[in-house]
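Data from protein13.csv: CSV, C-alpha atoms (C1' of nucleotides)
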```
chain,number,residue,atom,x,y,z
A,30,MET,CA,41.3,28.8,5.5
A,31,ARG,CA,37.9,30.1,6.6
A,32,ILE,CA,35.8,32.8,5.2
A,33,GLY,CA,37.1,35.7,7.3
A,34,GLU,CA,40.7,34.9,6.5
A,35,LEU,CA,40.1,34.6,2.8
A,36,ALA,CA,38.1,37.9,2.8
A,37,ALA,CA,40.9,39.7,4.6
A,38,ARG,CA,43.6,38.3,2.3
A,39,ALA,CA,41.7,39.3,-0.8
A,40,GLY,CA,40.7,42.7,0.6
A,41,THR,CA,37.0,42.1,0.5
A,42,THR,CA,34.3,41.1,2.9
A,43,THR,CA,32.7,37.9,4.1
A,44,ARG,CA,29.4,39.1,2.7
A,45,THR,CA,30.9,39.3,-0.7
A,46,LEU,CA,32.2,35.8,-0.5
A,47,ARG,CA,28.8,34.5,0.5
A,48,TYR,CA,27.3,36.4,-2.3
A,49,TYR,CA,29.6,34.9,-4.8
A,50,GLU,CA,28.8,31.5,-3.5
A,51,SER,CA,25.1,32.1,-3.8
A,52,ARG,CA,25.7,33.0,-7.4
A,53,GLY,CA,27.6,29.8,-7.9
A,54,LEU,CA,30.7,31.6,-8.7
A,55,LEU,CA,32.9,30.6,-5.8
A,56,PRO,CA,31.5,27.5,-4.2
A,57,ALA,CA,33.1,26.4,-0.9
A,58,ARG,CA,33.7,23.1,0.8
A,59,ARG,CA,32.5,22.8,4.4
A,60,ASP,CA,34.4,21.7,7.5
A,61,GLU,CA,32.8,19.5,10.2
A,62,LEU,CA,31.2,22.6,11.8
A,63,GLY,CA,29.5,23.7,8.6
A,64,HIS,CA,32.0,26.5,8.1
A,65,ARG,CA,33.2,27.4,4.7
A,66,ALA,CA,36.7,26.1,3.9
A,67,TYR,CA,38.8,27.6,1.2
A,68,ASP,CA,42.3,26.9,-0.2
A,69,GLU,CA,44.9,28.9,-2.2
A,70,ARG,CA,43.2,28.1,-5.5
A,71,ASP,CA,40.1,29.8,-4.2
A,72,LEU,CA,42.2,32.8,-3.4
A,73,ARG,CA,43.6,32.9,-6.9
A,74,ALA,CA,40.0,32.7,-8.3
A,75,LEU,CA,38.9,35.4,-6.0
A,76,GLN,CA,41.7,37.7,-7.0
A,77,GLN,CA,40.9,37.1,-10.6
A,78,ILE,CA,37.3,38.1,-9.9
A,79,ARG,CA,38.3,41.2,-8.1
A,80,THR,CA,40.7,42.3,-10.7
A,81,LEU,CA,38.1,42.0,-13.4
A,82,GLN,CA,35.4,43.7,-11.3
A,83,HIS,CA,37.9,46.5,-10.8
A,84,PHE,CA,38.0,46.8,-14.6
A,85,GLY,CA,34.2,47.2,-14.6
A,86,PHE,CA,33.4,43.6,-15.6
A,87,GLU,CA,30.0,42.4,-14.4
A,88,LEU,CA,30.1,39.4,-12.1
A,89,GLU,CA,28.7,37.1,-14.7
A,90,GLU,CA,31.5,38.1,-17.1
A,91,THR,CA,34.1,36.9,-14.7
A,92,ARG,CA,32.6,33.4,-14.7
A,93,PRO,CA,34.6,32.0,-17.7
A,94,PHE,CA,37.9,33.1,-16.0
A,95,VAL,CA,37.0,31.4,-12.8
A,96,GLU,CA,35.9,28.2,-14.6
A,97,CYS,CA,39.1,28.3,-16.6
A,98,LEU,CA,41.2,28.4,-13.4
A,99,ARG,CA,39.2,25.7,-11.8
A,100,ALA,CA,39.7,23.5,-14.9
A,101,GLY,CA,43.4,23.6,-14.0
A,102,HIS,CA,44.7,26.2,-16.4
A,103,PRO,CA,47.6,28.4,-15.3
A,104,GLU,CA,45.7,31.7,-15.9
A,105,GLY,CA,42.1,32.6,-15.9
A,106,ASP,CA,42.4,33.9,-19.4
A,107,SER,CA,44.0,30.7,-20.8
A,108,CYS,CA,40.7,29.7,-22.3
A,109,PRO,CA,38.9,30.9,-25.5
A,110,ALA,CA,35.8,31.9,-23.6
A,111,SER,CA,37.8,34.3,-21.5
A,112,LEU,CA,39.4,35.8,-24.6
A,113,ALA,CA,36.0,36.3,-26.0
A,114,VAL,CA,34.9,38.2,-23.0
A,115,TYR,CA,38.0,40.4,-23.3
A,116,ARG,CA,37.2,41.2,-26.9
A,117,ARG,CA,33.5,41.9,-26.1
A,118,LYS,CA,34.6,44.2,-23.3
A,119,LEU,CA,37.0,46.0,-25.6
A,120,ASP,CA,34.2,46.7,-28.0
A,121,GLU,CA,31.9,47.8,-25.3
A,122,LEU,CA,34.5,50.1,-23.9
A,123,ASP,CA,35.3,51.6,-27.3
A,124,ALA,CA,31.6,52.2,-27.9
A,125,LEU,CA,31.1,53.8,-24.5
A,126,ILE,CA,34.1,56.0,-24.7
A,127,GLY,CA,33.0,57.2,-28.1
A,128,GLU,CA,29.5,58.1,-26.8
A,129,LEU,CA,30.9,59.8,-23.8
A,130,ALA,CA,33.3,61.8,-25.9
A,131,ALA,CA,30.5,62.9,-28.2
A,132,VAL,CA,28.4,63.9,-25.2
A,133,ARG,CA,31.4,65.8,-23.7
A,134,GLU,CA,31.7,67.8,-26.9
A,135,LYS,CA,28.0,68.6,-26.9
A,136,VAL,CA,28.0,69.7,-23.3
A,137,ALA,CA,31.1,71.8,-24.0
A,138,GLY,CA,29.4,73.4,-26.9
A,139,GLN,CA,26.3,74.2,-24.8
A,140,LEU,CA,28.5,75.7,-22.2
A,141,THR,CA,30.4,78.1,-24.5
A,142,ARG,CA,27.2,79.0,-26.2
A,143,ALA,CA,25.5,79.8,-22.9
A,144,GLU,CA,28.5,81.8,-21.7
A,145,ARG,CA,28.6,83.8,-24.9
A,146,ALA,CA,24.8,84.6,-24.6
A,147,ARG,CA,25.4,85.7,-21.0
A,148,ASP,CA,28.3,88.0,-22.0
A,149,GLU,CA,26.4,89.5,-24.8
A,150,LEU,CA,23.5,90.2,-22.5
A,151,ALA,CA,25.8,91.8,-20.0
A,152,ALA,CA,27.4,94.0,-22.7
A,153,GLU,CA,23.9,95.2,-23.8
A,154,ALA,CA,23.0,96.1,-20.3
A,155,LEU,CA,26.0,98.5,-20.1
A,156,VAL,CA,25.1,100.4,-23.2
A,157,PRO,CA,21.5,101.8,-23.4
A,158,GLY,CA,19.5,102.6,-20.3
A,159,GLY,CA,20.2,101.1,-16.8
A,160,PRO,CA,21.6,97.7,-16.2
A,161,GLU,CA,18.7,95.2,-16.6
A,162,PRO,CA,18.4,92.5,-14.0
A,163,VAL,CA,20.4,89.4,-14.7
A,164,CYS,CA,19.7,86.0,-13.2
A,165,GLU,CA,20.3,85.7,-9.5
A,166,LEU,CA,19.7,81.9,-9.3
A,167,GLY,CA,22.8,80.1,-8.2
A,168,GLY,CA,24.4,83.0,-6.4
A,169,ARG,CA,27.9,84.1,-7.3
A,170,GLU,CA,29.9,81.8,-9.3
A,171,ARG,CA,32.5,80.0,-7.3
B,6,MET,CA,-3.0,70.3,-22.0
B,7,ARG,CA,-3.4,67.2,-19.9
B,8,ILE,CA,-0.8,64.6,-18.9
B,9,GLY,CA,-1.3,62.2,-21.8
B,10,GLU,CA,-0.9,64.9,-24.4
B,11,LEU,CA,2.2,66.4,-22.8
B,12,ALA,CA,3.8,63.0,-22.5
B,13,ALA,CA,3.1,62.2,-26.2
B,14,ARG,CA,4.4,65.6,-27.3
B,15,ALA,CA,7.6,65.1,-25.3
B,16,GLY,CA,8.0,61.5,-26.3
B,17,THR,CA,7.8,60.2,-22.8
B,18,THR,CA,5.2,58.6,-20.6
B,19,THR,CA,2.6,59.7,-18.1
B,20,ARG,CA,4.4,57.7,-15.4
B,21,THR,CA,7.5,59.7,-16.0
B,22,LEU,CA,5.6,63.0,-15.6
B,23,ARG,CA,4.0,61.9,-12.4
B,24,TYR,CA,7.4,60.8,-11.2
B,25,TYR,CA,8.9,64.2,-12.0
B,26,GLU,CA,6.1,65.9,-10.1
B,27,SER,CA,6.6,63.6,-7.1
B,28,ARG,CA,10.2,64.8,-7.1
B,29,GLY,CA,9.1,68.4,-7.2
B,30,LEU,CA,10.7,68.9,-10.6
B,31,LEU,CA,7.7,69.5,-12.7
B,32,PRO,CA,4.7,70.5,-10.6
B,33,ALA,CA,1.3,70.7,-12.3
B,34,ARG,CA,-1.8,72.8,-11.9
B,35,ARG,CA,-5.0,70.9,-11.6
B,36,ASP,CA,-8.3,71.4,-13.4
B,37,GLU,CA,-11.7,71.2,-11.9
B,38,LEU,CA,-11.6,67.4,-12.2
B,39,GLY,CA,-8.3,67.1,-10.4
B,40,HIS,CA,-6.5,66.3,-13.6
B,41,ARG,CA,-3.0,67.7,-14.1
B,42,ALA,CA,-3.0,70.7,-16.4
B,43,TYR,CA,0.2,71.8,-18.3
B,44,ASP,CA,1.1,74.6,-20.7
B,45,GLU,CA,3.8,75.3,-23.3
B,46,ARG,CA,6.3,76.4,-20.7
B,47,ASP,CA,6.0,73.0,-19.0
B,48,LEU,CA,6.7,71.4,-22.4
B,49,ARG,CA,9.8,73.6,-22.7
B,50,ALA,CA,10.9,72.5,-19.2
B,51,LEU,CA,10.2,68.9,-19.9
B,52,GLN,CA,12.2,69.0,-23.2
B,53,GLN,CA,15.1,70.6,-21.3
B,54,ILE,CA,15.0,67.8,-18.7
B,55,ARG,CA,14.9,65.1,-21.4
B,56,THR,CA,17.8,66.6,-23.3
B,57,LEU,CA,19.9,66.7,-20.3
B,58,GLN,CA,18.9,63.2,-19.2
B,59,HIS,CA,19.9,62.1,-22.7
B,60,PHE,CA,23.3,63.5,-22.0
B,61,GLY,CA,23.5,61.4,-18.9
B,62,PHE,CA,22.6,64.1,-16.3
B,63,GLU,CA,20.9,62.8,-13.2
B,64,LEU,CA,17.4,64.2,-12.6
B,65,GLU,CA,18.6,66.4,-9.7
B,66,GLU,CA,21.2,68.0,-12.0
B,67,THR,CA,18.5,69.2,-14.3
B,68,ARG,CA,16.8,71.1,-11.5
B,69,PRO,CA,18.7,74.3,-11.9
B,70,PHE,CA,17.8,74.4,-15.6
B,71,VAL,CA,14.2,73.9,-14.9
B,72,GLU,CA,14.2,76.6,-12.2
B,73,CYS,CA,16.0,78.9,-14.5
B,74,LEU,CA,13.3,78.5,-17.1
B,75,ARG,CA,10.5,78.9,-14.6
B,76,ALA,CA,12.2,82.1,-13.4
B,77,GLY,CA,11.4,83.5,-16.9
B,78,HIS,CA,14.8,83.2,-18.5
B,79,PRO,CA,14.9,82.5,-22.2
B,80,GLU,CA,17.0,79.4,-21.8
B,81,GLY,CA,17.5,76.8,-19.1
B,82,ASP,CA,21.2,77.6,-19.1
B,83,SER,CA,20.8,81.3,-18.7
B,84,CYS,CA,21.6,81.1,-15.0
B,85,PRO,CA,25.0,80.6,-13.3
B,86,ALA,CA,23.7,77.6,-11.4
B,87,SER,CA,23.2,75.8,-14.7
B,88,LEU,CA,26.6,76.8,-16.0
B,89,ALA,CA,28.1,75.4,-12.9
B,90,VAL,CA,26.3,72.1,-13.6
B,91,TYR,CA,27.7,72.1,-17.1
B,92,ARG,CA,31.2,72.6,-15.8
B,93,ARG,CA,30.9,70.0,-13.1
B,94,LYS,CA,29.6,67.5,-15.7
B,95,LEU,CA,32.5,68.3,-18.0
B,96,ASP,CA,34.9,67.5,-15.3
B,97,GLU,CA,33.1,64.3,-14.5
B,98,LEU,CA,33.1,63.3,-18.1
B,99,ASP,CA,36.8,64.0,-18.5
B,100,ALA,CA,37.6,62.0,-15.5
B,101,LEU,CA,35.3,59.1,-16.5
B,102,ILE,CA,36.6,59.0,-20.1
B,103,GLY,CA,40.2,59.0,-18.7
B,104,GLU,CA,39.5,56.1,-16.4
B,105,LEU,CA,37.7,54.1,-19.1
B,106,ALA,CA,40.6,54.8,-21.6
B,107,ALA,CA,43.1,53.5,-19.0
B,108,VAL,CA,41.0,50.4,-18.4
B,109,ARG,CA,40.6,49.9,-22.1
B,110,GLU,CA,44.4,49.8,-22.4
B,111,LYS,CA,44.8,47.4,-19.6
B,112,VAL,CA,42.3,45.0,-21.0
B,113,ALA,CA,43.9,45.3,-24.4
B,114,GLY,CA,47.2,44.5,-22.8
B,115,GLN,CA,45.7,41.5,-21.1
B,116,LEU,CA,44.2,40.2,-24.3
B,117,THR,CA,47.4,40.4,-26.3
B,118,ARG,CA,49.4,38.8,-23.5
B,119,ALA,CA,46.9,36.0,-23.2
B,120,GLU,CA,46.9,35.5,-26.9
B,121,ARG,CA,50.6,35.3,-27.1
B,122,ALA,CA,50.7,32.8,-24.2
B,123,ARG,CA,48.2,30.7,-26.1
B,124,ASP,CA,50.1,30.8,-29.3
B,125,GLU,CA,53.4,29.9,-27.6
B,126,LEU,CA,51.7,26.9,-26.0
B,127,ALA,CA,50.3,25.8,-29.3
B,128,ALA,CA,53.8,26.1,-30.9
B,129,GLU,CA,55.3,24.0,-28.1
B,130,ALA,CA,52.8,21.4,-28.6
B,131,LEU,CA,53.8,20.9,-32.2
B,132,VAL,CA,57.5,20.4,-31.5
B,133,PRO,CA,58.4,17.7,-28.8
B,134,GLY,CA,56.1,14.8,-28.2
B,135,GLY,CA,52.4,14.7,-29.1
B,136,PRO,CA,50.1,17.6,-28.9
B,137,GLU,CA,49.2,18.3,-25.3
B,138,PRO,CA,45.5,19.0,-24.5
B,139,VAL,CA,44.6,22.7,-24.8
B,140,CYS,CA,41.6,24.3,-23.2
B,141,GLU,CA,38.3,23.2,-24.5
B,142,LEU,CA,36.2,25.6,-22.4
B,143,GLY,CA,34.4,28.1,-24.6
B,144,GLY,CA,34.2,26.0,-27.7
B,145,ARG,CA,35.5,27.2,-31.0
B,146,GLU,CA,36.3,30.9,-31.3
B,147,ARG,CA,33.8,32.8,-33.4
C,9,DG,C1',29.4,31.1,33.9
C,10,DC,C1',30.3,34.8,30.9
C,11,DT,C1',32.4,37.3,27.3
C,12,DT,C1',34.7,37.5,22.9
C,13,DG,C1',35.2,36.3,18.3
C,14,DC,C1',34.2,33.8,14.6
C,15,DC,C1',30.8,31.4,12.0
C,16,DC,C1',25.8,30.3,10.2
C,17,DT,C1',21.1,31.5,7.6
C,18,DG,C1',17.5,34.5,6.1
C,19,DA,C1',15.8,38.6,4.8
C,20,DC,C1',15.3,43.5,4.1
C,21,DG,C1',17.7,48.0,2.5
C,22,DT,C1',20.3,50.7,-1.0
C,23,DC,C1',20.3,53.7,-5.4
C,24,DG,C1',17.7,55.9,-10.0
C,25,DG,C1',14.3,56.1,-12.9
C,26,DC,C1',10.9,54.7,-13.9
C,27,DG,C1',7.4,50.1,-15.4
C,28,DT,C1',3.5,47.8,-14.1
C,29,DC,C1',-0.3,46.5,-11.7
C,30,DA,C1',-4.7,47.4,-8.9
C,31,DA,C1',-8.8,49.7,-8.0
C,32,DC,C1',-11.2,53.6,-8.7
C,33,DC,C1',-13.5,58.0,-11.0
C,34,DC,C1',-15.3,60.6,-15.1
C,35,DG,C1',-17.2,61.9,-19.6
C,36,DT,C1',-18.5,60.4,-24.1
C,37,DA,C1',-20.2,57.3,-27.7
C,38,DC,C1',-22.9,53.5,-29.0
D,2,DG,C1',-26.8,50.2,-19.8
D,3,DT,C1',-22.1,49.6,-20.9
D,4,DA,C1',-17.9,49.8,-23.0
D,5,DC,C1',-14.0,52.8,-23.9
D,6,DG,C1',-10.5,56.0,-23.3
D,7,DG,C1',-8.9,59.1,-20.6
D,8,DG,C1',-7.6,60.5,-15.7
D,9,DT,C1',-6.5,59.6,-10.3
D,10,DT,C1',-3.6,57.5,-6.1
D,11,DG,C1',-0.9,53.8,-4.0
D,12,DA,C1',2.2,50.4,-3.9
D,13,DC,C1',5.2,46.8,-5.5
D,14,DG,C1',8.9,45.2,-9.1
D,15,DC,C1',13.3,45.8,-11.4
D,16,DC,C1',18.5,45.8,-11.8
D,17,DG,C1',23.6,44.7,-9.5
D,18,DA,C1',26.5,44.0,-5.9
D,19,DC,C1',26.5,43.8,-2.1
D,20,DG,C1',25.5,46.4,3.3
D,21,DT,C1',23.3,45.6,7.3
D,22,DC,C1',20.5,43.7,10.5
D,23,DA,C1',18.2,39.8,13.4
D,24,DG,C1',18.8,35.7,15.7
D,25,DG,C1',21.4,31.8,16.7
D,26,DG,C1',25.7,28.4,17.2
D,27,DC,C1',30.2,26.9,18.8
D,28,DA,C1',34.9,27.2,20.9
D,29,DA,C1',38.4,29.3,23.6
D,30,DG,C1',40.0,32.3,27.3
D,31,DC,C1',39.2,34.4,32.0
```
As structure tokens - that is how I would like this structure written.
Amino acid sequence: MRIGELAARAGTTTRTLRYYESRGLLPARRDELGHRAYDERDLRALQQIRTLQHFGFELEETRPFVECLRAGHPEGDSCPASLAVYRRKLDELDALIGELAAVREKVAGQLTRAERARDELAAEALVPGGPEPVCELGGRER
Amino acid sequence: MRIGELAARAGTTTRTLRYYESRGLLPARRDELGHRAYDERDLRALQQIRTLQHFGFELEETRPFVECLRAGHPEGDSCPASLAVYRRKLDELDALIGELAAVREKVAGQLTRAERARDELAAEALVPGGPEPVCELGGRER
DNA sequence: GCTTGCCCTGACGTCGGCGTCAACCCGTAC
DNA sequence: GTACGGGTTGACGCCGACGTCAGGGCAAGC
């Protein structure tokens, strides 16, 4: 199998495969013409990489999985090093989700506070003299 | 106030302030020597930018807040355009948190599945013949 | 012979938000 | 004088995971 076919079967691009090779992640044999030659195991490894990438793993973090497969194990996560990456990723995800949730609450608080301030200002404007100019920046709210 | 003082008071760097100016976000007057001159309103605007940045807002997303302040409003979020950014950010955060939570569950599932497979293999190895070689990649688990 | 289609290497571009020089100017203190 | 501590502009570096050219090769089909 050559690079174009592998890329197509894995739903990626030849550029990506060359990049992986340049990183030493997915080395390729060469045929007599100097073209890269791949087999089904390379496809397995590539699919493993893509799956993890889709999960947000960095390329380097997929390396233990690929090496595990190349060592002949049935799955990329059959090795302790892969499990360690899983656990590290879980911790990272938990931390990140926690931070994002905290930010979300802060932003939500800011929004409600700002909306209340706006409404109070609008109510004031209706009571005493004429309506004072409100902000025009941003046009009508959609 | 010159650039160094403003940077120090806002807890940032002169490089950052020059960058903001280059983006048109925080323009500066110049004194007779050509040095940038700032006032307290610039400090307010800068603090607004930094706060939002800390929340994960992109620089461009802070622009409505800064313009709102420069238009003379009491707060950066006194304008509809700022509120719209808040709302958009909330949506983005909710979507992102949702995706991350889904990934987290998938990774957790993968981990437990891989651990179970490993344990089953270890149990097998104890029963029939001699213990078959397990994976050595990754050394001892910490 | 010429086009088409695949492959090759090498190298620059992308995005955001600056960090980090380089080379220079200016005023003040020693 | 000269060293120091500010300021100025301009330009390149960084990170990750590739996209996108430029320029060339080789084989098959017409």
Please write as a PDB file with C-alpha atoms (C1' of nucleotides), in the frame of the given file the list of polymer residues whose atoms come within 12 Å of (6.2, 44.3, -10.3), counting all atoms listed in the file and keeping to the coordinates of the file.
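Resulting contents of selection.pdb:
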```
ATOM      1  C1'  DC C  26      10.900  54.700 -13.900  1.00  0.00           C
ATOM      2  C1'  DG C  27       7.400  50.100 -15.400  1.00  0.00           C
ATOM      3  C1'  DT C  28       3.500  47.800 -14.100  1.00  0.00           C
ATOM      4  C1'  DC C  29      -0.300  46.500 -11.700  1.00  0.00           C
ATOM      5  C1'  DA C  30      -4.700  47.400  -8.900  1.00  0.00           C
TER       6       DA C  30
ATOM      7  C1'  DA D  12       2.200  50.400  -3.900  1.00  0.00           C
ATOM      8  C1'  DC D  13       5.200  46.800  -5.500  1.00  0.00           C
ATOM      9  C1'  DG D  14       8.900  45.200  -9.100  1.00  0.00           C
ATOM     10  C1'  DC D  15      13.300  45.800 -11.400  1.00  0.00           C
TER      11       DC D  15
END
```
Considering only C-alpha atoms (C1' of nucleotides), return as a ChimeraX atom specification whatever protein or nucleic-acid residues lie within 9 Å of Val114 in chain A, sequence-local ones (same chain, fewer than 6 positions apart) excluded. /A:90-91,93
Emit the selected residues as a compact mmCIF listing (two decimals), keeping the file's coordinate frame, including C-alpha atoms.
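Everything below was put into selection_21.txt:
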```
# COMPACT_ATOMS: atom_id res chain seq x y z
CA GLU A 90 31.50 38.10 -17.10
CA THR A 91 34.10 36.90 -14.70
CA PRO A 93 34.60 32.00 -17.70
```
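With chain A held fixed and chain B fitted to it over all Cα atoms, the RMSD is 0.1 Å.
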So what do you get for CA of Thr21 in chain B versus C1' of DG25 in chain C, distance-wise? 8.3 Å
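Within 10 Å of chain C, and counting all atoms listed in the file, chain A contributes Arg31, Ile32, Gly33, Leu62, Gly63, His64 and Arg65 of chain A.
Rounded to one decimal, CA of Gln76 in chain A and CA of Ser107 in chain A lie 15.6 Å from each other.
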For chain D against chain A, which residues fall within 12 Å using all atoms listed in the file, given as a PDB file with C-alpha atoms (C1' of nucleotides), in the frame of the given file?
```pdb
ATOM      1  C1'  DG D  17      23.600  44.700  -9.500  1.00  0.00           C
ATOM      2  C1'  DA D  18      26.500  44.000  -5.900  1.00  0.00           C
ATOM      3  C1'  DC D  19      26.500  43.800  -2.100  1.00  0.00           C
ATOM      4  C1'  DG D  20      25.500  46.400   3.300  1.00  0.00           C
ATOM      5  C1'  DT D  21      23.300  45.600   7.300  1.00  0.00           C
ATOM      6  C1'  DG D  26      25.700  28.400  17.200  1.00  0.00           C
ATOM      7  C1'  DC D  27      30.200  26.900  18.800  1.00  0.00           C
ATOM      8  C1'  DA D  28      34.900  27.200  20.900  1.00  0.00           C
TER       9       DA D  28
END
```
Near chain B, meaning an atom within 8 Å, which residues of chain A appear when counting only C-alpha atoms? Write them as a PyMOL selection string. chain A and resi 84+93+97+102+106-113+115-116+119+122-123+126+129-130+132-133+136-137+140+143-144+146-147+164-170
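Relative to CA of Leu74 in chain B, C1' of DG8 in chain D is found at 27.6 Å.
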Within-10 Å shell of (6.4, 76.1, -18.3) in input frame, all atoms listed in the file, as a short mmCIF file (atom, residue, chain, number, x, y, z; two decimals) with C-alpha atoms, in the coordinates of the input:
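Generated output (point_25.cif):
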```cif
data_model
loop_
_atom_site.label_atom_id
_atom_site.label_comp_id
_atom_site.auth_asym_id
_atom_site.auth_seq_id
_atom_site.Cartn_x
_atom_site.Cartn_y
_atom_site.Cartn_z
CA LEU B 31 7.70 69.50 -12.70
CA PRO B 32 4.70 70.50 -10.60
CA ALA B 33 1.30 70.70 -12.30
CA TYR B 43 0.20 71.80 -18.30
CA ASP B 44 1.10 74.60 -20.70
CA GLU B 45 3.80 75.30 -23.30
CA ARG B 46 6.30 76.40 -20.70
CA ASP B 47 6.00 73.00 -19.00
CA LEU B 48 6.70 71.40 -22.40
CA ARG B 49 9.80 73.60 -22.70
CA ALA B 50 10.90 72.50 -19.20
CA LEU B 51 10.20 68.90 -19.90
CA VAL B 71 14.20 73.90 -14.90
CA GLU B 72 14.20 76.60 -12.20
CA LEU B 74 13.30 78.50 -17.10
CA ARG B 75 10.50 78.90 -14.60
CA ALA B 76 12.20 82.10 -13.40
CA GLY B 77 11.40 83.50 -16.90
#
```
Can you spit out range 19-33 of chain C with N, CA and C atoms (P, O5', C5', C4', C3', O3' and C1' of nucleotides), as a CSV table (one decimal), in the first residue's frame, from the structure just given?
```
chain,number,residue,atom,x,y,z
C,19,DA,P,15.5,23.2,2.7
C,19,DA,O5',14.3,24.3,2.6
C,19,DA,C5',13.9,24.8,1.4
C,19,DA,C4',12.6,25.6,1.5
C,19,DA,C3',12.6,26.3,2.9
C,19,DA,O3',12.0,27.6,2.7
C,19,DA,C1',10.6,25.0,2.5
C,20,DC,P,12.3,28.7,3.8
C,20,DC,O5',11.1,29.7,3.6
C,20,DC,C5',10.5,29.9,2.3
C,20,DC,C4',9.0,29.9,2.5
C,20,DC,C3',8.5,30.8,3.7
C,20,DC,O3',7.5,31.6,3.2
C,20,DC,C1',7.5,28.7,3.7
C,21,DG,P,6.7,32.6,4.2
C,21,DG,O5',5.3,31.8,4.4
C,21,DG,C5',4.4,31.6,3.3
C,21,DG,C4',3.0,31.3,3.8
C,21,DG,C3',2.6,32.2,4.9
C,21,DG,O3',1.2,32.5,4.8
C,21,DG,C1',2.7,30.0,5.7
C,22,DT,P,0.5,33.6,5.7
C,22,DT,O5',-0.3,32.6,6.8
C,22,DT,C5',-1.1,31.6,6.3
C,22,DT,C4',-1.7,30.8,7.5
C,22,DT,C3',-2.0,31.7,8.7
C,22,DT,O3',-3.4,31.7,8.8
C,22,DT,C1',-0.9,29.6,9.3
C,23,DC,P,-4.0,33.2,9.3
C,23,DC,O5',-4.3,32.9,10.8
C,23,DC,C5',-5.0,31.7,11.2
C,23,DC,C4',-4.8,31.5,12.6
C,23,DC,C3',-4.6,32.8,13.4
C,23,DC,O3',-5.6,32.9,14.5
C,23,DC,C1',-2.9,31.2,14.0
C,24,DG,P,-6.2,34.3,14.8
C,24,DG,O5',-6.0,34.3,16.4
C,24,DG,C5',-5.0,33.3,16.9
C,24,DG,C4',-4.8,33.6,18.4
C,24,DG,C3',-4.8,35.0,18.8
C,24,DG,O3',-5.1,35.1,20.2
C,24,DG,C1',-2.6,34.2,18.8
C,25,DG,P,-5.3,36.4,20.9
C,25,DG,O5',-3.9,36.6,21.6
C,25,DG,C5',-3.5,35.6,22.6
C,25,DG,C4',-2.1,35.9,23.0
C,25,DG,C3',-1.8,37.4,23.3
C,25,DG,O3',-1.0,37.5,24.5
C,25,DG,C1',-0.2,36.6,21.8
C,26,DC,P,-1.1,38.8,25.4
C,26,DC,O5',-0.2,39.9,24.6
C,26,DC,C5',1.2,40.1,24.9
C,26,DC,C4',2.0,38.9,24.6
C,26,DC,C3',3.5,39.1,24.9
C,26,DC,O3',3.8,38.4,26.1
C,26,DC,C1',3.2,38.0,22.8
C,27,DG,P,5.2,38.8,26.8
C,27,DG,O5',6.3,38.0,26.1
C,27,DG,C5',6.4,36.6,26.3
C,27,DG,C4',7.8,36.1,25.8
C,27,DG,C3',9.0,36.8,26.4
C,27,DG,O3',10.1,35.8,26.6
C,27,DG,C1',9.0,37.1,24.1
C,28,DT,P,11.4,36.2,27.3
C,28,DT,O5',12.4,36.6,26.1
C,28,DT,C5',12.4,35.8,24.9
C,28,DT,C4',13.4,36.5,23.9
C,28,DT,C3',14.4,37.4,24.4
C,28,DT,O3',15.7,37.0,23.8
C,28,DT,C1',13.3,38.5,22.7
C,29,DC,P,17.0,37.6,24.5
C,29,DC,O5',16.9,39.2,24.2
C,29,DC,C5',17.9,39.9,23.5
C,29,DC,C4',18.0,39.5,22.0
C,29,DC,C3',18.9,40.5,21.3
C,29,DC,O3',19.9,39.8,20.5
C,29,DC,C1',16.7,40.5,20.4
C,30,DA,P,21.3,40.6,20.3
C,30,DA,O5',20.9,41.7,19.3
C,30,DA,C5',20.3,41.4,18.0
C,30,DA,C4',20.1,42.6,17.2
C,30,DA,C3',21.2,43.7,17.4
C,30,DA,O3',21.5,44.2,16.1
C,30,DA,C1',19.0,44.6,17.8
C,31,DA,P,22.9,45.0,15.9
C,31,DA,O5',22.5,46.5,15.8
C,31,DA,C5',21.4,46.9,15.0
C,31,DA,C4',20.9,48.2,15.3
C,31,DA,C3',22.0,49.2,15.9
C,31,DA,O3',22.0,50.4,15.2
C,31,DA,C1',20.2,49.2,17.3
C,32,DC,P,23.1,51.5,15.5
C,32,DC,O5',22.2,52.7,16.1
C,32,DC,C5',21.0,53.1,15.5
C,32,DC,C4',20.1,53.7,16.4
C,32,DC,C3',20.7,54.9,17.3
C,32,DC,O3',20.3,56.1,16.7
C,32,DC,C1',19.1,53.5,18.5
C,33,DC,P,21.0,57.4,17.5
C,33,DC,O5',19.8,57.9,18.4
C,33,DC,C5',18.4,58.0,17.9
C,33,DC,C4',17.5,58.5,19.0
C,33,DC,C3',18.1,59.7,19.8
C,33,DC,O3',17.1,60.7,20.0
C,33,DC,C1',17.6,58.0,21.3
```
